[in-house]
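Q: So I've got this file, model_33.csv, and it contains CSV, N, CA and C atoms:
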```
chain,number,residue,atom,x,y,z
A,1,MET,N,21.8,-17.8,-4.7
A,1,MET,CA,20.4,-18.0,-4.4
A,1,MET,C,20.1,-17.3,-3.1
A,2,LEU,N,18.8,-17.0,-2.8
A,2,LEU,CA,18.4,-16.3,-1.6
A,2,LEU,C,18.7,-17.2,-0.4
A,3,LYS,N,19.0,-16.5,0.7
A,3,LYS,CA,19.4,-17.2,1.9
A,3,LYS,C,18.3,-16.9,3.0
A,4,ASP,N,18.3,-17.7,4.0
A,4,ASP,CA,17.5,-17.3,5.1
A,4,ASP,C,18.0,-16.1,5.8
A,5,ILE,N,17.1,-15.3,6.4
A,5,ILE,CA,17.4,-14.1,7.1
A,5,ILE,C,17.3,-14.4,8.6
A,6,PHE,N,18.3,-14.2,9.4
A,6,PHE,CA,18.3,-14.3,10.8
A,6,PHE,C,18.4,-13.0,11.4
A,7,ILE,N,17.4,-12.7,12.4
A,7,ILE,CA,17.4,-11.4,13.0
A,7,ILE,C,17.3,-11.6,14.6
A,8,LYS,N,17.6,-10.5,15.2
A,8,LYS,CA,17.5,-10.4,16.7
A,8,LYS,C,16.7,-9.2,17.0
A,9,SER,N,15.6,-9.3,17.8
A,9,SER,CA,14.8,-8.2,18.2
A,9,SER,C,13.9,-8.6,19.3
A,10,ASN,N,13.6,-7.7,20.2
A,10,ASN,CA,12.6,-7.9,21.2
A,10,ASN,C,11.2,-7.4,20.8
A,11,LEU,N,11.0,-7.0,19.6
A,11,LEU,CA,9.7,-6.5,19.1
A,11,LEU,C,8.7,-7.6,18.9
A,12,PHE,N,9.1,-8.8,18.9
A,12,PHE,CA,8.1,-9.9,18.4
A,12,PHE,C,7.9,-11.0,19.5
A,13,PRO,N,7.6,-10.6,20.7
A,13,PRO,CA,7.3,-11.6,21.7
A,13,PRO,C,6.1,-12.4,21.4
A,14,PRO,N,5.9,-13.6,22.0
A,14,PRO,CA,4.7,-14.4,21.7
A,14,PRO,C,3.4,-13.7,22.2
A,15,TYR,N,2.4,-13.9,21.5
A,15,TYR,CA,1.0,-13.5,22.0
A,15,TYR,C,0.7,-14.5,23.2
A,16,PRO,N,-0.2,-14.0,24.1
A,16,PRO,CA,-0.7,-14.9,25.1
A,16,PRO,C,-1.3,-16.1,24.4
A,17,ASN,N,-1.1,-17.3,24.9
A,17,ASN,CA,-1.6,-18.5,24.4
A,17,ASN,C,-1.2,-18.9,23.0
A,18,GLU,N,-0.2,-18.2,22.4
A,18,GLU,CA,0.3,-18.6,21.1
A,18,GLU,C,0.7,-20.0,21.0
A,19,GLU,N,1.2,-20.6,22.1
A,19,GLU,CA,1.6,-22.0,22.1
A,19,GLU,C,0.4,-22.9,21.9
A,20,ASP,N,-0.8,-22.4,22.0
A,20,ASP,CA,-1.9,-23.3,21.7
A,20,ASP,C,-2.1,-23.5,20.2
A,21,GLU,N,-1.5,-22.6,19.4
A,21,GLU,CA,-1.6,-22.7,17.9
A,21,GLU,C,-0.4,-23.5,17.4
A,22,ILE,N,0.8,-23.4,18.0
A,22,ILE,CA,1.9,-24.2,17.5
A,22,ILE,C,2.6,-24.8,18.7
A,23,ASN,N,3.7,-25.5,18.5
A,23,ASN,CA,4.3,-26.2,19.6
A,23,ASN,C,4.8,-25.3,20.7
A,24,PRO,N,4.8,-25.8,21.9
A,24,PRO,CA,5.3,-25.0,23.0
A,24,PRO,C,6.7,-24.5,22.8
A,25,GLY,N,7.0,-23.2,23.2
A,25,GLY,CA,8.3,-22.7,23.0
A,25,GLY,C,8.5,-22.1,21.6
A,26,ARG,N,7.6,-22.3,20.7
A,26,ARG,CA,7.7,-21.8,19.4
A,26,ARG,C,6.7,-20.6,19.2
A,27,PHE,N,7.2,-19.6,18.5
A,27,PHE,CA,6.3,-18.4,18.2
A,27,PHE,C,6.9,-17.6,17.0
A,28,GLY,N,6.1,-16.7,16.5
A,28,GLY,CA,6.6,-15.9,15.4
A,28,GLY,C,5.4,-15.1,14.7
A,29,LYS,N,4.3,-15.2,15.3
A,29,LYS,CA,3.1,-14.5,14.6
A,29,LYS,C,3.3,-13.0,14.5
A,30,LYS,N,3.8,-12.4,15.5
A,30,LYS,CA,4.0,-10.9,15.4
A,30,LYS,C,5.0,-10.6,14.4
A,31,LEU,N,6.0,-11.4,14.2
A,31,LEU,CA,7.0,-11.2,13.1
A,31,LEU,C,6.3,-11.4,11.8
A,32,ALA,N,5.5,-12.4,11.6
A,32,ALA,CA,4.7,-12.6,10.4
A,32,ALA,C,3.8,-11.4,10.1
A,33,GLU,N,3.2,-10.9,11.1
A,33,GLU,CA,2.3,-9.7,10.8
A,33,GLU,C,3.1,-8.5,10.4
A,34,PHE,N,4.3,-8.3,11.0
A,34,PHE,CA,5.2,-7.2,10.7
A,34,PHE,C,5.6,-7.3,9.2
A,35,ILE,N,6.0,-8.5,8.8
A,35,ILE,CA,6.5,-8.7,7.4
A,35,ILE,C,5.3,-8.5,6.5
A,36,LYS,N,4.1,-9.0,6.8
A,36,LYS,CA,2.9,-8.9,6.0
A,36,LYS,C,2.7,-7.4,5.7
A,37,GLN,N,2.7,-6.6,6.8
A,37,GLN,CA,2.4,-5.2,6.7
A,37,GLN,C,3.4,-4.5,5.7
A,38,ASN,N,4.7,-4.8,5.8
A,38,ASN,CA,5.7,-4.3,5.0
A,38,ASN,C,5.6,-4.7,3.5
A,39,LEU,N,5.3,-6.0,3.3
A,39,LEU,CA,5.1,-6.4,2.0
A,39,LEU,C,3.9,-5.7,1.3
A,40,GLU,N,2.8,-5.6,2.0
A,40,GLU,CA,1.6,-5.0,1.5
A,40,GLU,C,1.8,-3.5,1.2
A,41,GLN,N,2.6,-2.9,2.0
A,41,GLN,CA,3.0,-1.5,1.7
A,41,GLN,C,3.7,-1.4,0.4
A,42,ASN,N,4.3,-2.5,-0.1
A,42,ASN,CA,5.1,-2.5,-1.3
A,42,ASN,C,4.4,-3.3,-2.4
A,43,ASN,N,3.0,-3.4,-2.3
A,43,ASN,CA,2.2,-4.0,-3.3
A,43,ASN,C,2.4,-5.5,-3.5
A,44,ILE,N,2.9,-6.2,-2.4
A,44,ILE,CA,3.0,-7.6,-2.5
A,44,ILE,C,2.0,-8.2,-1.5
A,45,GLN,N,1.0,-8.8,-2.0
A,45,GLN,CA,-0.2,-9.3,-1.2
A,45,GLN,C,0.1,-10.6,-0.6
A,46,VAL,N,-0.2,-10.7,0.7
A,46,VAL,CA,-0.1,-11.9,1.5
A,46,VAL,C,-1.5,-12.5,1.6
A,47,ALA,N,-1.7,-13.7,1.1
A,47,ALA,CA,-3.1,-14.3,1.1
A,47,ALA,C,-3.5,-14.8,2.4
A,48,ASP,N,-2.5,-15.3,3.2
A,48,ASP,CA,-2.9,-15.9,4.5
A,48,ASP,C,-1.7,-16.0,5.4
A,49,ILE,N,-1.9,-16.0,6.7
A,49,ILE,CA,-0.9,-16.3,7.7
A,49,ILE,C,-1.6,-17.4,8.5
A,50,TYR,N,-0.8,-18.5,8.7
A,50,TYR,CA,-1.4,-19.7,9.4
A,50,TYR,C,-0.2,-20.4,10.2
A,51,PRO,N,-0.6,-21.0,11.3
A,51,PRO,CA,0.4,-21.7,12.1
A,51,PRO,C,0.8,-23.1,11.5
A,52,THR,N,2.0,-23.5,11.7
A,52,THR,CA,2.4,-24.9,11.4
A,52,THR,C,2.9,-25.4,12.8
A,53,ASP,N,3.5,-26.5,12.8
A,53,ASP,CA,4.0,-27.1,14.1
A,53,ASP,C,5.1,-26.2,14.7
A,54,TYR,N,5.9,-25.6,13.9
A,54,TYR,CA,7.1,-25.0,14.4
A,54,TYR,C,7.2,-23.5,14.1
A,55,ALA,N,6.3,-22.9,13.3
A,55,ALA,CA,6.5,-21.6,12.8
A,55,ALA,C,5.1,-21.1,12.3
A,56,TYR,N,5.2,-19.9,11.7
A,56,TYR,CA,4.0,-19.3,11.0
A,56,TYR,C,4.4,-19.2,9.5
A,57,GLU,N,3.4,-19.5,8.7
A,57,GLU,CA,3.7,-19.5,7.3
A,57,GLU,C,2.7,-18.5,6.6
A,58,MET,N,3.2,-17.8,5.6
A,58,MET,CA,2.4,-16.9,4.8
A,58,MET,C,2.4,-17.4,3.4
A,59,ARG,N,1.3,-17.3,2.8
A,59,ARG,CA,1.2,-17.7,1.4
A,59,ARG,C,0.9,-16.5,0.5
A,60,LEU,N,1.7,-16.4,-0.6
A,60,LEU,CA,1.6,-15.3,-1.5
A,60,LEU,C,1.1,-16.0,-2.8
A,61,ASP,N,-0.1,-15.6,-3.3
A,61,ASP,CA,-0.8,-16.3,-4.4
A,61,ASP,C,-0.7,-15.5,-5.7
A,62,GLN,N,-0.1,-14.4,-5.8
A,62,GLN,CA,-0.2,-13.5,-7.0
A,62,GLN,C,0.9,-13.9,-8.1
A,63,TYR,N,1.6,-15.0,-7.9
A,63,TYR,CA,2.7,-15.3,-8.8
A,63,TYR,C,2.4,-16.6,-9.6
A,64,LYS,N,3.3,-16.8,-10.6
A,64,LYS,CA,3.1,-18.0,-11.5
A,64,LYS,C,3.3,-19.3,-10.8
A,65,PHE,N,3.9,-19.2,-9.6
A,65,PHE,CA,4.1,-20.4,-8.7
A,65,PHE,C,3.9,-20.1,-7.3
A,66,SER,N,3.7,-21.1,-6.5
A,66,SER,CA,3.4,-20.8,-5.0
A,66,SER,C,4.6,-20.3,-4.3
A,67,VAL,N,4.4,-19.2,-3.5
A,67,VAL,CA,5.5,-18.6,-2.7
A,67,VAL,C,5.1,-18.7,-1.3
A,68,TYR,N,6.0,-19.1,-0.4
A,68,TYR,CA,5.7,-19.2,1.0
A,68,TYR,C,6.8,-18.5,1.8
A,69,LEU,N,6.4,-17.8,2.9
A,69,LEU,CA,7.3,-17.2,3.8
A,69,LEU,C,7.1,-17.9,5.1
A,70,ILE,N,8.2,-18.3,5.8
A,70,ILE,CA,8.1,-19.0,7.0
A,70,ILE,C,8.9,-18.2,8.1
A,71,THR,N,8.2,-17.9,9.2
A,71,THR,CA,8.8,-17.1,10.2
A,71,THR,C,8.6,-17.8,11.6
A,72,GLY,N,9.7,-17.8,12.4
A,72,GLY,CA,9.6,-18.3,13.7
A,72,GLY,C,10.8,-18.1,14.5
A,73,ASN,N,10.7,-18.3,15.8
A,73,ASN,CA,11.9,-18.1,16.7
A,73,ASN,C,12.8,-19.3,16.5
A,74,ILE,N,14.1,-19.0,16.8
A,74,ILE,CA,15.1,-20.0,16.7
A,74,ILE,C,15.0,-20.8,18.0
A,75,ASP,N,15.2,-22.1,18.0
A,75,ASP,CA,15.0,-23.0,19.2
A,75,ASP,C,15.5,-22.3,20.5
A,76,GLU,N,14.6,-22.3,21.4
A,76,GLU,CA,14.8,-21.8,22.8
A,76,GLU,C,15.2,-20.4,22.9
A,77,GLU,N,15.2,-19.6,21.9
A,77,GLU,CA,15.5,-18.2,21.9
A,77,GLU,C,14.2,-17.4,21.9
A,78,THR,N,14.3,-16.3,22.7
A,78,THR,CA,13.1,-15.4,22.8
A,78,THR,C,13.2,-14.2,21.9
A,79,ASP,N,14.4,-13.9,21.4
A,79,ASP,CA,14.6,-12.7,20.7
A,79,ASP,C,15.4,-12.9,19.3
A,80,GLN,N,15.5,-14.2,18.9
A,80,GLN,CA,16.2,-14.5,17.7
A,80,GLN,C,15.2,-15.3,16.8
A,81,PHE,N,15.2,-14.8,15.5
A,81,PHE,CA,14.2,-15.4,14.6
A,81,PHE,C,14.8,-15.7,13.2
A,82,ILE,N,14.1,-16.6,12.5
A,82,ILE,CA,14.5,-16.9,11.1
A,82,ILE,C,13.4,-16.6,10.2
A,83,VAL,N,13.7,-16.1,9.0
A,83,VAL,CA,12.7,-15.9,7.9
A,83,VAL,C,13.2,-16.7,6.7
A,84,THR,N,12.4,-17.6,6.2
A,84,THR,CA,12.7,-18.4,5.1
A,84,THR,C,11.7,-18.2,3.9
A,85,ILE,N,12.2,-18.1,2.7
A,85,ILE,CA,11.4,-18.0,1.5
A,85,ILE,C,11.4,-19.3,0.8
A,86,LYS,N,10.3,-19.8,0.4
A,86,LYS,CA,10.2,-21.0,-0.4
A,86,LYS,C,9.4,-20.7,-1.6
A,87,PRO,N,9.8,-21.2,-2.8
A,87,PRO,CA,10.9,-22.2,-3.0
A,87,PRO,C,12.2,-21.5,-2.8
A,88,ASN,N,13.2,-22.3,-2.4
A,88,ASN,CA,14.6,-21.7,-2.3
A,88,ASN,C,15.5,-22.3,-3.4
A,89,LYS,N,14.9,-22.5,-4.6
A,89,LYS,CA,15.7,-23.0,-5.7
A,89,LYS,C,15.7,-21.9,-6.8
A,90,GLU,N,16.7,-22.0,-7.7
A,90,GLU,CA,16.7,-21.0,-8.8
A,90,GLU,C,15.6,-21.2,-9.8
A,91,PHE,N,15.2,-22.5,-10.0
A,91,PHE,CA,14.2,-22.8,-11.0
A,91,PHE,C,13.2,-23.8,-10.4
A,92,ILE,N,12.0,-23.8,-10.8
A,92,ILE,CA,11.0,-24.8,-10.5
A,92,ILE,C,10.5,-25.3,-11.8
A,93,ARG,N,9.9,-26.5,-11.7
A,93,ARG,CA,9.3,-27.1,-12.9
A,93,ARG,C,7.8,-27.1,-12.7
A,94,LYS,N,7.0,-26.6,-13.7
A,94,LYS,CA,5.6,-26.6,-13.6
A,94,LYS,C,5.1,-27.2,-14.9
A,95,LEU,N,4.5,-28.3,-14.8
A,95,LEU,CA,4.1,-29.1,-16.0
A,95,LEU,C,5.4,-29.4,-16.8
A,96,PHE,N,5.6,-28.9,-18.0
A,96,PHE,CA,6.8,-29.2,-18.7
A,96,PHE,C,7.7,-28.0,-18.9
A,97,LYS,N,7.4,-27.0,-18.1
A,97,LYS,CA,8.2,-25.7,-18.2
A,97,LYS,C,9.1,-25.6,-17.0
A,98,LYS,N,10.3,-25.0,-17.3
A,98,LYS,CA,11.2,-24.6,-16.3
A,98,LYS,C,11.1,-23.1,-16.0
A,99,ILE,N,10.8,-22.7,-14.8
A,99,ILE,CA,10.5,-21.3,-14.5
A,99,ILE,C,11.5,-20.8,-13.5
A,100,SER,N,12.1,-19.7,-13.9
A,100,SER,CA,13.1,-19.0,-13.0
A,100,SER,C,12.4,-18.4,-11.8
A,101,THR,N,12.9,-18.5,-10.6
A,101,THR,CA,12.2,-17.9,-9.5
A,101,THR,C,12.8,-16.6,-9.1
A,102,LYS,N,14.0,-16.3,-9.7
A,102,LYS,CA,14.8,-15.1,-9.3
A,102,LYS,C,14.0,-13.8,-9.4
A,103,GLU,N,13.3,-13.5,-10.5
A,103,GLU,CA,12.7,-12.2,-10.7
A,103,GLU,C,11.4,-12.1,-9.8
A,104,THR,N,10.9,-13.2,-9.3
A,104,THR,CA,9.8,-13.2,-8.4
A,104,THR,C,10.2,-13.0,-7.0
A,105,LEU,N,11.2,-13.8,-6.6
A,105,LEU,CA,11.6,-13.9,-5.2
A,105,LEU,C,12.5,-12.7,-4.7
A,106,GLU,N,13.4,-12.2,-5.6
A,106,GLU,CA,14.3,-11.1,-5.2
A,106,GLU,C,13.6,-9.9,-4.7
A,107,PRO,N,12.5,-9.4,-5.3
A,107,PRO,CA,11.8,-8.2,-4.7
A,107,PRO,C,11.2,-8.5,-3.4
A,108,ILE,N,10.7,-9.7,-3.2
A,108,ILE,CA,10.1,-10.1,-1.9
A,108,ILE,C,11.2,-10.1,-0.8
A,109,TYR,N,12.3,-10.8,-1.1
A,109,TYR,CA,13.5,-10.8,-0.2
A,109,TYR,C,14.0,-9.4,0.1
A,110,SER,N,14.2,-8.6,-0.9
A,110,SER,CA,14.7,-7.2,-0.7
A,110,SER,C,13.8,-6.4,0.2
A,111,THR,N,12.5,-6.6,0.0
A,111,THR,CA,11.5,-5.8,0.8
A,111,THR,C,11.6,-6.2,2.2
A,112,ILE,N,11.7,-7.5,2.5
A,112,ILE,CA,11.8,-8.0,3.9
A,112,ILE,C,13.1,-7.5,4.5
A,113,LEU,N,14.2,-7.7,3.8
A,113,LEU,CA,15.5,-7.3,4.3
A,113,LEU,C,15.5,-5.7,4.5
A,114,ASN,N,15.0,-4.9,3.6
A,114,ASN,CA,15.0,-3.5,3.8
A,114,ASN,C,14.1,-3.1,5.0
A,115,SER,N,13.0,-3.8,5.2
A,115,SER,CA,12.2,-3.4,6.4
A,115,SER,C,13.0,-3.7,7.7
A,116,PHE,N,13.8,-4.7,7.7
A,116,PHE,CA,14.6,-5.0,8.9
A,116,PHE,C,15.7,-4.0,9.0
A,117,GLU,N,16.4,-3.7,7.9
A,117,GLU,CA,17.5,-2.7,8.0
A,117,GLU,C,17.0,-1.3,8.4
A,118,MET,N,15.8,-0.9,8.0
A,118,MET,CA,15.3,0.4,8.4
A,118,MET,C,14.8,0.5,9.8
A,119,HIS,N,14.6,-0.6,10.5
A,119,HIS,CA,14.1,-0.5,11.8
A,119,HIS,C,15.2,-0.5,12.8
A,120,PRO,N,15.3,0.5,13.7
A,120,PRO,CA,16.4,0.6,14.7
A,120,PRO,C,16.4,-0.5,15.7
A,121,ASP,N,15.3,-1.2,15.9
A,121,ASP,CA,15.2,-2.2,17.0
A,121,ASP,C,15.3,-3.6,16.4
A,122,ILE,N,15.8,-3.8,15.2
A,122,ILE,CA,16.0,-5.1,14.6
A,122,ILE,C,17.4,-5.2,14.1
A,123,GLN,N,18.1,-6.2,14.6
A,123,GLN,CA,19.5,-6.4,14.2
A,123,GLN,C,19.5,-7.7,13.3
A,124,ILE,N,20.1,-7.5,12.1
A,124,ILE,CA,20.3,-8.6,11.2
A,124,ILE,C,21.5,-9.4,11.6
A,125,LEU,N,21.3,-10.6,12.0
A,125,LEU,CA,22.5,-11.5,12.4
A,125,LEU,C,23.2,-12.0,11.2
A,126,LYS,N,22.5,-12.6,10.3
A,126,LYS,CA,23.1,-13.0,9.0
A,126,LYS,C,22.0,-13.2,8.0
A,127,GLU,N,22.4,-13.1,6.8
A,127,GLU,CA,21.5,-13.4,5.7
A,127,GLU,C,22.1,-14.3,4.7
```
As a first step, turn the structure in this file into structure tokens.
A:
Amino acid sequence: MLKDIFIKSNLFPPYPNEEDEINPGRFGKKLAEFIKQNLEQNNIQVADIYPTDYAYEMRLDQYKFSVYLITGNIDEETDQFIVTIKPNKEFIRKLFKKISTKETLEPIYSTILNSFEMHPDIQILKE
């Protein structure tokens, strides 16, 4: 199954007053915008980017089930981030159907991973 992607980069510092949107010391909006741009260049539409308590979440509505991407810095780190794709299960249940998530989530995951691999200022720590 898909794993979280951990990266290290100085490309995604917090916006001024970003801590007014989410908890102090937490940020990741620039990373979310970077991912959104790369997804949309690959025909994967991001419906919305919005703050949560600890990270930024992106909603992708074009699929048979809800897909969410969560981006944020790792606790107390200014240059290390995590990207999570939800759902993180092989199958989901919708009404009485069992739906495989693999063919939906793998292209999203690959697009994000490739955008990190192609950028010289982003180091993938682990996936």
Q: Give one line per residue of region 52-96 of chain A that approaches region 15-24 of chain A to at most 6 Å, naming the two atoms of the closest pair and their distance in Å to one decimal, counting all atoms listed in the file; sort by chain then ascending residue number and deliver it as CSV.
A:
```
residue,atom,partner,partner_atom,distance
A:Thr52,C,A:Ile22,CA,5.0
A:Asp53,C,A:Asn23,N,4.1
A:Tyr54,N,A:Asn23,N,5.1
```
Q: Kindly provide the residues of region 18-107 of chain A that approach region 7-10 of chain A to within 8 Å, each paired with its closest atom pair and their distance in Å to one decimal, based on only C-alpha atoms, listed by chain and increasing number, as a tab-separated table.
A:
```
residue	atom	partner	partner_atom	distance
A:Thr78	CA	A:Asn10	CA	7.7
A:Asp79	CA	A:Ser9	CA	5.2
A:Gln80	CA	A:Lys8	CA	4.4
A:Phe81	CA	A:Ile7	CA	5.4
A:Ile82	CA	A:Ile7	CA	6.5
```
Q: Figure out the distance between atom N of Glu33 (chain A) and atom N of Lys94 (chain A), please, to one decimal in Å.
A: 29.6 Å
Q: Counting all atoms listed in the file, which of A:Lys86, A:Leu69, A:Ile35, A:Met58 gets nearest to Ser115 (chain A)?
A: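 Nearest candidate to Ser115 (chain A) out of A:Lys86, A:Leu69, A:Ile35, A:Met58: A:Ile35.
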Q: Go through region 59-117 of chain A and flag each residue having an atom no more than 9 Å from region 38-42 of chain A; for those, report the closest pair of atoms plus their distance in Å to one decimal, using only C-alpha atoms, ordered by chain and rising number, as a tab-separated table.
A:
```
residue	atom	partner	partner_atom	distance
A:Ile108	CA	A:Leu39	CA	7.3
A:Thr111	CA	A:Leu39	CA	6.5
A:Ile112	CA	A:Leu39	CA	7.1
A:Ser115	CA	A:Asn38	CA	6.7
```
Q: Name the closest residue to Gly72 (chain A) among the candidates A:His119, A:Lys102, A:Lys29, A:Arg93; distances are taken between atoms, counting only N, CA and C atoms.
A: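 For Gly72 (chain A), the nearest of the candidates is A:Lys29.
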Q: Quick one: axis-aligned box around all listed atoms of region 92-100 of chain A, 6 Å on every side, centre and edge lengths in Å to one decimal, written as JSON.
A:
```
{"center_x": 8.6, "center_y": -23.9, "center_z": -14.7, "size_x": 21.0, "size_y": 23.0, "size_z": 20.4}
```
Q: Hey, can you check how far atom N of Thr104 (chain A) sits from atom C of Ala32 (chain A)?
A: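 Calculated distance between atom N of Thr104 (chain A) and atom C of Ala32 (chain A) is 20.7 Å.
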Q: Just to confirm, what's the straight-line distance from CA of Gly25 (chain A) to CA of Ile70 (chain A) in Å (one decimal)?
A: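 Computing the Euclidean distance for CA of Gly25 (chain A) and CA of Ile70 (chain A) yields 16.4 Å.
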Q: Here is a test: counting only N, CA and C atoms, which residue of A:Asp61, A:Pro87, A:Ile44, A:Pro13 is nearest to Lys30 (chain A)?
A: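 So, comparing all the options, the nearest one is A:Pro13.
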Q: Find the spatial neighbours of Arg59 (chain A), counting only N, CA and C atoms, within a cut-off of 5 Å - ignore same-chain residues fewer than 3 positions away - and output them as a short mmCIF file (atom, residue, chain, number, x, y, z; two decimals) with N, CA and C atoms, in the frame of the given file.
A:
```cif
data_model
loop_
_atom_site.label_atom_id
_atom_site.label_comp_id
_atom_site.auth_asym_id
_atom_site.auth_seq_id
_atom_site.Cartn_x
_atom_site.Cartn_y
_atom_site.Cartn_z
N VAL A 46 -0.20 -10.70 0.70
CA VAL A 46 -0.10 -11.90 1.50
C VAL A 46 -1.50 -12.50 1.60
N ALA A 47 -1.70 -13.70 1.10
CA ALA A 47 -3.10 -14.30 1.10
C ALA A 47 -3.50 -14.80 2.40
N ASP A 48 -2.50 -15.30 3.20
CA ASP A 48 -2.90 -15.90 4.50
C ASP A 48 -1.70 -16.00 5.40
N VAL A 67 4.40 -19.20 -3.50
CA VAL A 67 5.50 -18.60 -2.70
C VAL A 67 5.10 -18.70 -1.30
N TYR A 68 6.00 -19.10 -0.40
CA TYR A 68 5.70 -19.20 1.00
C TYR A 68 6.80 -18.50 1.80
#
```
Q: Applying 8 Å and all atoms listed in the file, which residues near Ile124 (chain A) remain after dropping the ones on its own chain fewer than 2 positions away? List them as a list in words.
A: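 Selected residues are Ile5, Phe6, Ile7, Lys8, Ser9, Phe116, Glu117, Asp121, Ile122, Lys126 and Glu127 of chain A.
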